[in-house]
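Enquirer: Take this structure first; my questions come after.
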Amino acid sequence: MSDGIPPQTTVAEYVGAFQAKEKRKQRSWRMAALQLVLLVIVGVVAVSLIGELDPRVRRGADLLRSLLVMGRAPAWVGVSLLLLIPALLLMLLIQVIPLFLVWWERKVAAHMQVRLGPMAVGGFHGWAQTIADAIKLFLKEIIEPDGVDKWVFRLAPMIVFVPSYLAFAPLPFGVGLVGYSFDIGLLYVLAVSGLSTVGVLMAGWGSANKFSILGGLRAAAQIVSFEIPRVLSVVPVVMWAGTLSLTGIWEAQAQPLGGWFPKWFIFYPVIGQISFLIYIITSIAETNRVPFDVPEAESELVAGFHTEYGGMKFAIFFMSEYAYVFAGSLLGAVLFLGGGSPLFPALGFIPSWAWFLGKTLALVFIFLWARWTFPRFRVDRVMDLCWKVFLPWTLINIFLTGVVLLWRGL
Amino acid sequence: MAPNPIRPSAVLQGPVFETKIEQVGDHEMLLNLGPQHPSTHGVLRVVLKLDGEVITEAVPDMGYLHRGVEKLAEHRTYPMNIVLSDRNDYLSAMNNNWAFCLAVEKLLKVEIPLRAEYLRVIVGELNRVASHMVFYGTFGIDIGAFTPFLHAFGRDREEILDLFEEMCGARITYNYIRVGGVMLDAPEGWTHRVLQFVERMKPRLVEYDKLLTKNPIFIDRTIGVGLLSAEQAVDLGVTGPILRASGVSLDLRRDHPYGAYNDFQFDVPLGKQGDCYDRFLVRRLEITESLKIVEQACRKFPDGPVMGKVLKMYRPPAGEVYAQVDGPRGWLGSYIVSDGTEKPYRHHIRPPSFINLQALSEIVKGWKMADVVAILGSLDFVLGEVDR
């Protein structure tokens, strides 16, 4: 063999080291699974100890009311405070959710891609990474390129963001935890979340960039098309529940079938599954994420409609995307997974808000999973899929539901 | 708010410097794809004339990475030129070394020991695998899937680079193949580790297929897109996997064997119609075939010296010579004119990427913006080699 170069390892040593590494890997897998199980048990116990939040909220509101009465405040102060406080809490939520979701997405993506993701900032698995990123984005200079349509350029992020916040108003988070409950909640959420398209178009047009224009046009075409099968996919749920109120839809699924089987809409044979599948896929398309991220397709359009945005303006686009992911998952949990109702009556000791959170995060995981697995559709094929596959199937589904309802009614 | 008279006409039809496209119609728009763009894999500018999203004309503009390698070669001795050849196609530097050394060896008429030939085949094929892994990953990114890139580039290619590092100390620019043989012998147990790597790759290739090759969205994006017929491919001088994807069975390793390729059994994968999917599939199958060659070479690895009888300072006899290898991107040729001194009088490189890139404007016409990216990715060029 070669002279002068010492052999680095013998074959036996190498194989031994390799096998030891494999064994370590297996052991660490077992440890991770054990940790996960422990974490779930601890979480369930902690959450059950906290219990339902509804009575506390009520008590807080009563306290506030009595304080105002004692202080002889005029009636409008009480009314507006009781509207303002939930609104501010929702605002806070919408700021915090993206921070968590982005961190979670990074970890999920990293583990799917055989790497670790953020590990340094904050200590435990880089939990503070997104907070640091948010601070960085806050401190960045906002650059406005020459030739942009100034007001369109400046207004666009706000017009994208505001509807994503408004969409949270009627979404329930648990028993009694609703920003503002009203009868047409479902219609309102679907309608409001379509408004962001205007902002996306404005961003594309106002940026004075060809990639942005292409991205904006694609976004408009896509969101307008996918809005239709998305709305139609939830029509069977409304037909079964007989109401558009989100709380009502959830309560319609709360009573278990035969005393034990969950009467969630996803378990309705055929109708429920078609409806759920189309809802999830169109929701992914609505939020412009892979495999439907054609408006911001990195490899084609650089960053699509937000190519020219930086700093906080970009962060607002980003935040509204994640807010929509969360809102879409929350809505999916209400419509198809029985909202806050437990899987089996025996699990009823876990409070409804924990069920909500768990179901929503499970649906969010589907979003992340799809994003880091699939390639991107071509823009015209996306339209094909929408008009030639989803639309007919939603109509067939509505027809089937109608037939079943009529047959049951007769 | 007063309307801005400059917009939107300025945006849609504004001056694009040196477009090389003369006429732009009323409904058309010029778009600069690059030089800074995520999917041009380097600094390439493609000027596209778009009608909506449909490409009506495409002109690649290259030269941003020009370093004058061929001129530099005239001022450097032959051993120094091997170092330069590393820098052309930085994803398969071993094959670049090999092409240059083959040419010089032809001039010098040196006998190369068998062990050195086998080592060349092993490193050349491993380098081809590494290069195709980069293609697999970046093509996935072009199509929109990010995860395959991290699997191929971040995990599997690293293992190949580790093997190379153990062998010659370098990870990208090896300068390993020398005139007359190779720089160093393989360290003890190296072939065993290569075989272990080949074994590890087998289940991973199944995973590769699950992620991209059999993915319905991926198939939908690439099948029937960017057709290049066999006649067109031959006319344009396209070589390598792109030519084979068009259905032309031509592989220098099999048809005009150099090195020790005669000793090994391998298939030459062929495409059916020359679309993006075929170009992808041919490279994906070439990974399997290359690993097969590596396995055979490691199993029959001969003993002996790794360097032939070559002087430290050699002066090839006056004359001219051309030698080529079938690199990961096609025929990589080296044309040397020697005047009997220690420096080449002229060194011309036949860069496969440069010639394959000429097919772009032929293929791209009539396809959509999203397809341009797929087509660019499927041509798998390296700008370092295109511009030299």
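Residues in the structure tokens are named by chain (A, B, ... in the order shown) and by number from 1 within that chain; ligands are numbered from 1 in the order shown.
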Could you give me, as a list in words, the residues within 7 Å of segment 79-95 of chain B, counting only C-alpha atoms and dropping anything in the same chain fewer than 5 positions from it?
Expert: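 So, after excluding close chain neighbours, the residues are Ala73, Phe100, Val123, Gly124, Asn127, Arg128, Ser131, Ile172, Thr173, Tyr174, Asn175, Ile177, Gly327, Val382, Gly384, Glu385 and Arg388 of chain B.
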Enquirer: So that I have them on file, write out the residues from the current selection with N, CA and C atoms, as a PDB file, in the first residue's frame.
Expert:
```pdb
ATOM      1  N   ALA B  73      -3.820  29.045 -19.975  1.00  0.00           N
ATOM      2  CA  ALA B  73      -3.137  27.770 -20.174  1.00  0.00           C
ATOM      3  C   ALA B  73      -1.833  27.956 -20.930  1.00  0.00           C
ATOM      4  N   PHE B 100      -7.900  16.341 -19.631  1.00  0.00           N
ATOM      5  CA  PHE B 100      -6.648  17.025 -19.935  1.00  0.00           C
ATOM      6  C   PHE B 100      -5.479  16.046 -19.921  1.00  0.00           C
ATOM      7  N   VAL B 123     -12.834   7.103  -9.180  1.00  0.00           N
ATOM      8  CA  VAL B 123     -13.073   8.500  -8.795  1.00  0.00           C
ATOM      9  C   VAL B 123     -13.912   9.210  -9.856  1.00  0.00           C
ATOM     10  N   GLY B 124     -13.673   8.865 -11.128  1.00  0.00           N
ATOM     11  CA  GLY B 124     -14.464   9.494 -12.190  1.00  0.00           C
ATOM     12  C   GLY B 124     -15.936   9.170 -12.041  1.00  0.00           C
ATOM     13  N   ASN B 127     -17.430  10.770  -8.989  1.00  0.00           N
ATOM     14  CA  ASN B 127     -17.640  12.182  -9.255  1.00  0.00           C
ATOM     15  C   ASN B 127     -18.875  12.399 -10.130  1.00  0.00           C
ATOM     16  N   ARG B 128     -19.097  11.463 -11.047  1.00  0.00           N
ATOM     17  CA  ARG B 128     -20.298  11.548 -11.876  1.00  0.00           C
ATOM     18  C   ARG B 128     -21.543  11.408 -11.001  1.00  0.00           C
ATOM     19  N   SER B 131     -22.042  14.571  -9.121  1.00  0.00           N
ATOM     20  CA  SER B 131     -22.558  15.611  -9.999  1.00  0.00           C
ATOM     21  C   SER B 131     -24.037  15.389 -10.300  1.00  0.00           C
ATOM     22  N   ILE B 172     -13.473  19.618  -3.556  1.00  0.00           N
ATOM     23  CA  ILE B 172     -14.099  20.107  -4.785  1.00  0.00           C
ATOM     24  C   ILE B 172     -13.089  20.084  -5.933  1.00  0.00           C
ATOM     25  N   THR B 173     -11.972  20.751  -5.748  1.00  0.00           N
ATOM     26  CA  THR B 173     -10.959  20.835  -6.794  1.00  0.00           C
ATOM     27  C   THR B 173      -9.828  19.905  -6.411  1.00  0.00           C
ATOM     28  N   TYR B 174      -9.791  18.748  -7.072  1.00  0.00           N
ATOM     29  CA  TYR B 174      -8.967  17.661  -6.552  1.00  0.00           C
ATOM     30  C   TYR B 174      -7.530  17.704  -7.035  1.00  0.00           C
ATOM     31  N   ASN B 175      -7.345  18.003  -8.335  1.00  0.00           N
ATOM     32  CA  ASN B 175      -6.006  17.919  -8.922  1.00  0.00           C
ATOM     33  C   ASN B 175      -5.421  16.529  -8.659  1.00  0.00           C
ATOM     34  N   ILE B 177      -5.964  13.420 -10.650  1.00  0.00           N
ATOM     35  CA  ILE B 177      -5.477  12.650 -11.784  1.00  0.00           C
ATOM     36  C   ILE B 177      -4.326  13.421 -12.421  1.00  0.00           C
ATOM     37  N   GLY B 327     -18.019  12.967 -19.739  1.00  0.00           N
ATOM     38  CA  GLY B 327     -18.232  13.474 -18.390  1.00  0.00           C
ATOM     39  C   GLY B 327     -19.706  13.441 -18.023  1.00  0.00           C
ATOM     40  N   VAL B 382     -23.041  23.894 -16.045  1.00  0.00           N
ATOM     41  CA  VAL B 382     -22.260  24.527 -14.988  1.00  0.00           C
ATOM     42  C   VAL B 382     -21.644  25.773 -15.594  1.00  0.00           C
ATOM     43  N   GLY B 384     -19.355  27.725 -14.740  1.00  0.00           N
ATOM     44  CA  GLY B 384     -17.904  27.791 -14.737  1.00  0.00           C
ATOM     45  C   GLY B 384     -17.323  27.204 -16.000  1.00  0.00           C
ATOM     46  N   GLU B 385     -18.025  26.205 -16.539  1.00  0.00           N
ATOM     47  CA  GLU B 385     -17.556  25.567 -17.754  1.00  0.00           C
ATOM     48  C   GLU B 385     -18.058  26.292 -18.989  1.00  0.00           C
ATOM     49  N   ARG B 388     -15.859  29.542 -18.936  1.00  0.00           N
ATOM     50  CA  ARG B 388     -14.427  29.243 -18.822  1.00  0.00           C
ATOM     51  C   ARG B 388     -13.605  30.457 -18.421  1.00  0.00           C
TER      52      ARG B 388
END
```
Enquirer: List the neighbours of segment 192-198 of chain B out to 8 Å using only C-alpha atoms; skip same-chain residues closer than 5 positions along the sequence, and give me the result as JSON, numbers by chain.
Expert: {"A": [11], "B": [159, 163, 291, 294, 295, 298]}
Enquirer: Grab the residues selected above and save them as an mmCIF file, in the first residue's frame with N, CA and C atoms.
Expert:
```
data_model
loop_
_atom_site.group_PDB
_atom_site.id
_atom_site.type_symbol
_atom_site.label_atom_id
_atom_site.label_comp_id
_atom_site.auth_asym_id
_atom_site.auth_seq_id
_atom_site.Cartn_x
_atom_site.Cartn_y
_atom_site.Cartn_z
ATOM 1 N N VAL A 11 -10.415 -1.737 8.642
ATOM 2 C CA VAL A 11 -11.783 -2.006 8.217
ATOM 3 C C VAL A 11 -12.626 -2.394 9.422
ATOM 4 N N GLU B 159 -20.936 12.339 1.537
ATOM 5 C CA GLU B 159 -20.212 11.099 1.799
ATOM 6 C C GLU B 159 -19.177 10.843 0.705
ATOM 7 N N LEU B 163 -15.062 10.712 1.016
ATOM 8 C CA LEU B 163 -14.189 9.678 0.455
ATOM 9 C C LEU B 163 -13.057 10.317 -0.341
ATOM 10 N N LEU B 291 -22.717 3.526 -10.008
ATOM 11 C CA LEU B 291 -22.431 2.796 -8.772
ATOM 12 C C LEU B 291 -22.088 1.348 -9.092
ATOM 13 N N VAL B 294 -18.509 1.344 -10.159
ATOM 14 C CA VAL B 294 -17.648 1.538 -8.981
ATOM 15 C C VAL B 294 -17.529 0.233 -8.213
ATOM 16 N N GLU B 295 -18.664 -0.462 -8.060
ATOM 17 C CA GLU B 295 -18.658 -1.712 -7.306
ATOM 18 C C GLU B 295 -17.751 -2.739 -7.982
ATOM 19 N N CYS B 298 -14.092 -1.780 -7.586
ATOM 20 C CA CYS B 298 -13.575 -2.010 -6.235
ATOM 21 C C CYS B 298 -13.377 -3.501 -5.974
#
```
Enquirer: For chain B, report every residue with an atom at most 9 Å from chain A (counting only C-alpha atoms), formatted as a VMD selection string.
Expert: chain B and resid 1 3 to 4 6 to 8 10 to 12 29 to 31 33 37 to 40 52 to 53 140 to 151 154 to 155 166 184 to 190 192 to 193 211 to 212 215 217 to 218 220 to 221 303 to 304 368 to 373
Enquirer: Just write the chosen residues, C-alpha atoms, as a short mmCIF file (atom, residue, chain, number, x, y, z; two decimals), in the first residue's frame.
Expert:
```cif
data_model
loop_
_atom_site.label_atom_id
_atom_site.label_comp_id
_atom_site.auth_asym_id
_atom_site.auth_seq_id
_atom_site.Cartn_x
_atom_site.Cartn_y
_atom_site.Cartn_z
CA MET B 1 -52.98 61.28 -6.14
CA PRO B 3 -51.32 59.15 -11.92
CA ASN B 4 -47.70 58.45 -12.60
CA ILE B 6 -44.09 56.62 -16.36
CA ARG B 7 -45.94 53.56 -15.24
CA PRO B 8 -47.02 50.98 -16.30
CA ALA B 10 -42.12 51.74 -18.34
CA VAL B 11 -42.43 48.51 -16.47
CA LEU B 12 -43.80 46.46 -19.29
CA MET B 29 -42.85 41.85 -22.47
CA LEU B 30 -39.13 41.40 -22.12
CA LEU B 31 -37.98 39.67 -19.00
CA LEU B 33 -34.07 35.91 -16.20
CA HIS B 37 -31.88 34.54 -10.37
CA PRO B 38 -32.37 31.48 -8.19
CA SER B 39 -32.76 28.97 -11.00
CA THR B 40 -30.03 29.89 -13.45
CA GLY B 52 -48.52 36.52 -21.15
CA GLU B 53 -46.72 33.56 -19.67
CA GLY B 140 -36.11 19.27 -7.52
CA ILE B 141 -35.70 22.85 -6.32
CA ASP B 142 -36.45 24.15 -9.79
CA ILE B 143 -39.64 22.14 -9.83
CA GLY B 144 -40.43 23.36 -6.33
CA ALA B 145 -39.50 20.45 -4.08
CA PHE B 146 -36.88 21.45 -1.57
CA THR B 147 -36.42 18.25 0.40
CA PRO B 148 -34.71 16.06 -2.26
CA PHE B 149 -31.94 18.63 -2.47
CA LEU B 150 -31.05 18.24 1.17
CA HIS B 151 -31.12 14.46 0.86
CA GLY B 154 -26.57 17.59 2.02
CA ARG B 155 -26.27 13.94 2.95
CA GLU B 166 -9.64 10.96 2.56
CA LEU B 184 -1.70 9.20 -4.52
CA ASP B 185 -2.66 5.62 -3.90
CA ALA B 186 -5.94 4.90 -2.13
CA PRO B 187 -5.50 4.70 1.64
CA GLU B 188 -5.89 1.34 3.30
CA GLY B 189 -9.47 0.13 3.39
CA TRP B 190 -10.63 2.90 1.10
CA HIS B 192 -13.99 -1.17 1.33
CA ARG B 193 -15.48 2.11 2.44
CA LEU B 211 -39.57 11.67 -3.69
CA LEU B 212 -39.30 12.72 -7.32
CA ASN B 215 -44.23 11.73 -7.83
CA ILE B 217 -46.89 16.28 -9.65
CA PHE B 218 -43.29 15.97 -10.76
CA ASP B 220 -47.02 16.19 -14.61
CA ARG B 221 -44.51 19.03 -14.62
CA ASP B 303 -2.26 -4.15 -7.12
CA GLY B 304 0.70 -2.24 -8.48
CA LYS B 368 -44.54 28.66 -20.35
CA MET B 369 -42.53 30.61 -17.81
CA ALA B 370 -42.71 27.71 -15.33
CA ASP B 371 -41.39 25.33 -17.99
CA VAL B 372 -38.36 27.51 -18.71
CA VAL B 373 -37.13 26.75 -15.24
#
```
Enquirer: Can you list, as a ChimeraX atom specification, every protein, DNA or RNA residue that comes within 7 Å of Phe161 of chain A when you count only C-alpha atoms, leaving out same-chain residues fewer than 3 positions away?
Expert: /A:157-158,164-165,316-317,320
Enquirer: My list of candidates is B:Val104, B:Ala233, B:Val129, B:Ile355. Which is closest to Gly340 of chain B when distances are computed with only C-alpha atoms?
Expert: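 So, comparing all the options, the nearest one is B:Val104.
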Enquirer: Can you list, as a list in words, every protein, DNA or RNA residue that comes within 12 Å of Tyr322 of chain B when you count only C-alpha atoms, leaving out same-chain residues fewer than 5 positions away?
Expert: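 Those residues are Ala99, Phe100, Cys101, Leu102, Ala103, Val104, Glu105, Lys106, Leu107, Trp331, Leu332, Gly333, Ser334, Tyr335, Ile336, Val337, Ser338, Arg346, His347, His348, Ile349 and Arg350 of chain B.
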Enquirer: Please compute the atom CA of Glu286 of chain A-atom CA of Ile398 of chain A distance, one decimal, in Å.
Expert: 21.1 Å
Enquirer: Report as a list in words all protein, DNA and RNA residues lying within 9 Å of His41 of chain B, evaluated on only C-alpha atoms, omitting residues in the same chain fewer than 4 positions from it.
Expert: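 Surrounding residues, per the criterion: His37, Thr138, Leu376, Gly377, Asp380, Phe381, Val382 and Leu383 of chain B.
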Enquirer: Would you please work out which residue, of A:Tyr309, A:Gly409, A:Ile85, A:Gln273, is nearest to Glu141 of chain A when using only C-alpha atoms?
Expert: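 Among the listed residues, the smallest separation from Glu141 of chain A belongs to A:Tyr309.
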Enquirer: I'd like the contact shell of Phe182 of chain A - 12 Å cut-off, only C-alpha atoms, skipping same-chain residues fewer than 6 positions apart - returned as JSON, numbers by chain.
Expert: {"A": [169, 170, 171, 172, 188, 189, 243, 244, 245, 246, 247, 248]}
Enquirer: Running DSSP on the backbone, which parts of segment 112-224 of chain A land in alpha helix (DSSP H), as JSON, numbers by chain?
Expert: {"A": [112, 129, 130, 131, 132, 133, 134, 135, 136, 137, 138, 139, 150, 151, 152, 153, 154, 155, 156, 157, 158, 159, 160, 161, 162, 163, 164, 165, 166, 185, 186, 187, 188, 189, 190, 191, 192, 193, 196, 197, 198, 199, 200, 201, 202, 203, 204, 205, 206, 210, 211, 212, 213, 214, 215, 216, 217, 218, 219, 220, 221, 222, 223, 224]}
Enquirer: Provide the atom CA of Leu400 of chain A to atom CA of Leu331 of chain A distance in Å, to one decimal place.
Expert: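 That distance, rounded to one decimal, is 22.8 Å.
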Enquirer: With only C-alpha atoms as the counted atoms, please give the residues lying no more than 9 Å from segment 125-129 of chain A, apart from itself and same-chain residues fewer than 5 positions off, as a PyMOL selection string.
Expert: chain A and resi 99-100+103-104+107+116-120+134
Enquirer: Residues as selected, N, CA and C atoms, written as a PDB file, in the first residue's frame, can you do that?
Expert:
```
ATOM      1  N   LEU A  99     -44.936  33.306  15.018  1.00  0.00           N
ATOM      2  CA  LEU A  99     -43.637  33.035  15.637  1.00  0.00           C
ATOM      3  C   LEU A  99     -43.493  31.552  15.930  1.00  0.00           C
ATOM      4  N   PHE A 100     -44.566  30.983  16.515  1.00  0.00           N
ATOM      5  CA  PHE A 100     -44.495  29.555  16.835  1.00  0.00           C
ATOM      6  C   PHE A 100     -44.520  28.714  15.566  1.00  0.00           C
ATOM      7  N   TRP A 103     -41.238  28.640  13.643  1.00  0.00           N
ATOM      8  CA  TRP A 103     -40.244  27.798  14.334  1.00  0.00           C
ATOM      9  C   TRP A 103     -40.581  26.325  14.121  1.00  0.00           C
ATOM     10  N   TRP A 104     -41.846  25.991  14.272  1.00  0.00           N
ATOM     11  CA  TRP A 104     -42.264  24.600  14.140  1.00  0.00           C
ATOM     12  C   TRP A 104     -42.018  24.113  12.718  1.00  0.00           C
ATOM     13  N   LYS A 107     -38.450  23.327  12.197  1.00  0.00           N
ATOM     14  CA  LYS A 107     -38.038  22.061  12.801  1.00  0.00           C
ATOM     15  C   LYS A 107     -38.555  20.883  11.982  1.00  0.00           C
ATOM     16  N   LEU A 116     -30.963  19.434  11.539  1.00  0.00           N
ATOM     17  CA  LEU A 116     -31.534  19.728  12.847  1.00  0.00           C
ATOM     18  C   LEU A 116     -32.350  21.002  12.896  1.00  0.00           C
ATOM     19  N   GLY A 117     -32.102  21.927  11.995  1.00  0.00           N
ATOM     20  CA  GLY A 117     -32.807  23.204  12.065  1.00  0.00           C
ATOM     21  C   GLY A 117     -32.212  24.087  13.139  1.00  0.00           C
ATOM     22  N   PRO A 118     -32.930  25.151  13.545  1.00  0.00           N
ATOM     23  CA  PRO A 118     -32.366  26.058  14.558  1.00  0.00           C
ATOM     24  C   PRO A 118     -32.103  25.328  15.864  1.00  0.00           C
ATOM     25  N   MET A 119     -30.902  25.457  16.379  1.00  0.00           N
ATOM     26  CA  MET A 119     -30.543  24.775  17.626  1.00  0.00           C
ATOM     27  C   MET A 119     -29.916  25.729  18.643  1.00  0.00           C
ATOM     28  N   ALA A 120     -29.443  26.895  18.199  1.00  0.00           N
ATOM     29  CA  ALA A 120     -28.598  27.698  19.082  1.00  0.00           C
ATOM     30  C   ALA A 120     -29.377  28.738  19.871  1.00  0.00           C
ATOM     31  N   ALA A 134     -37.681  38.099  14.097  1.00  0.00           N
ATOM     32  CA  ALA A 134     -38.668  39.176  14.082  1.00  0.00           C
ATOM     33  C   ALA A 134     -38.008  40.484  14.473  1.00  0.00           C
TER      34      ALA A 134
END
```
Enquirer: Which residue gives the smallest distance to Ile55 of chain B among B:Thr288, B:Thr222, B:Gln265, B:Ser361, with only C-alpha atoms counted?
Expert: B:Ser361
Enquirer: Run DSSP on the backbone of this structure and report the residues of segment 7-223 of chain B it assigns to strand (DSSP E), as a ChimeraX atom specification.
Expert: /B:28-33,45-51,54-61,177-178,181-182
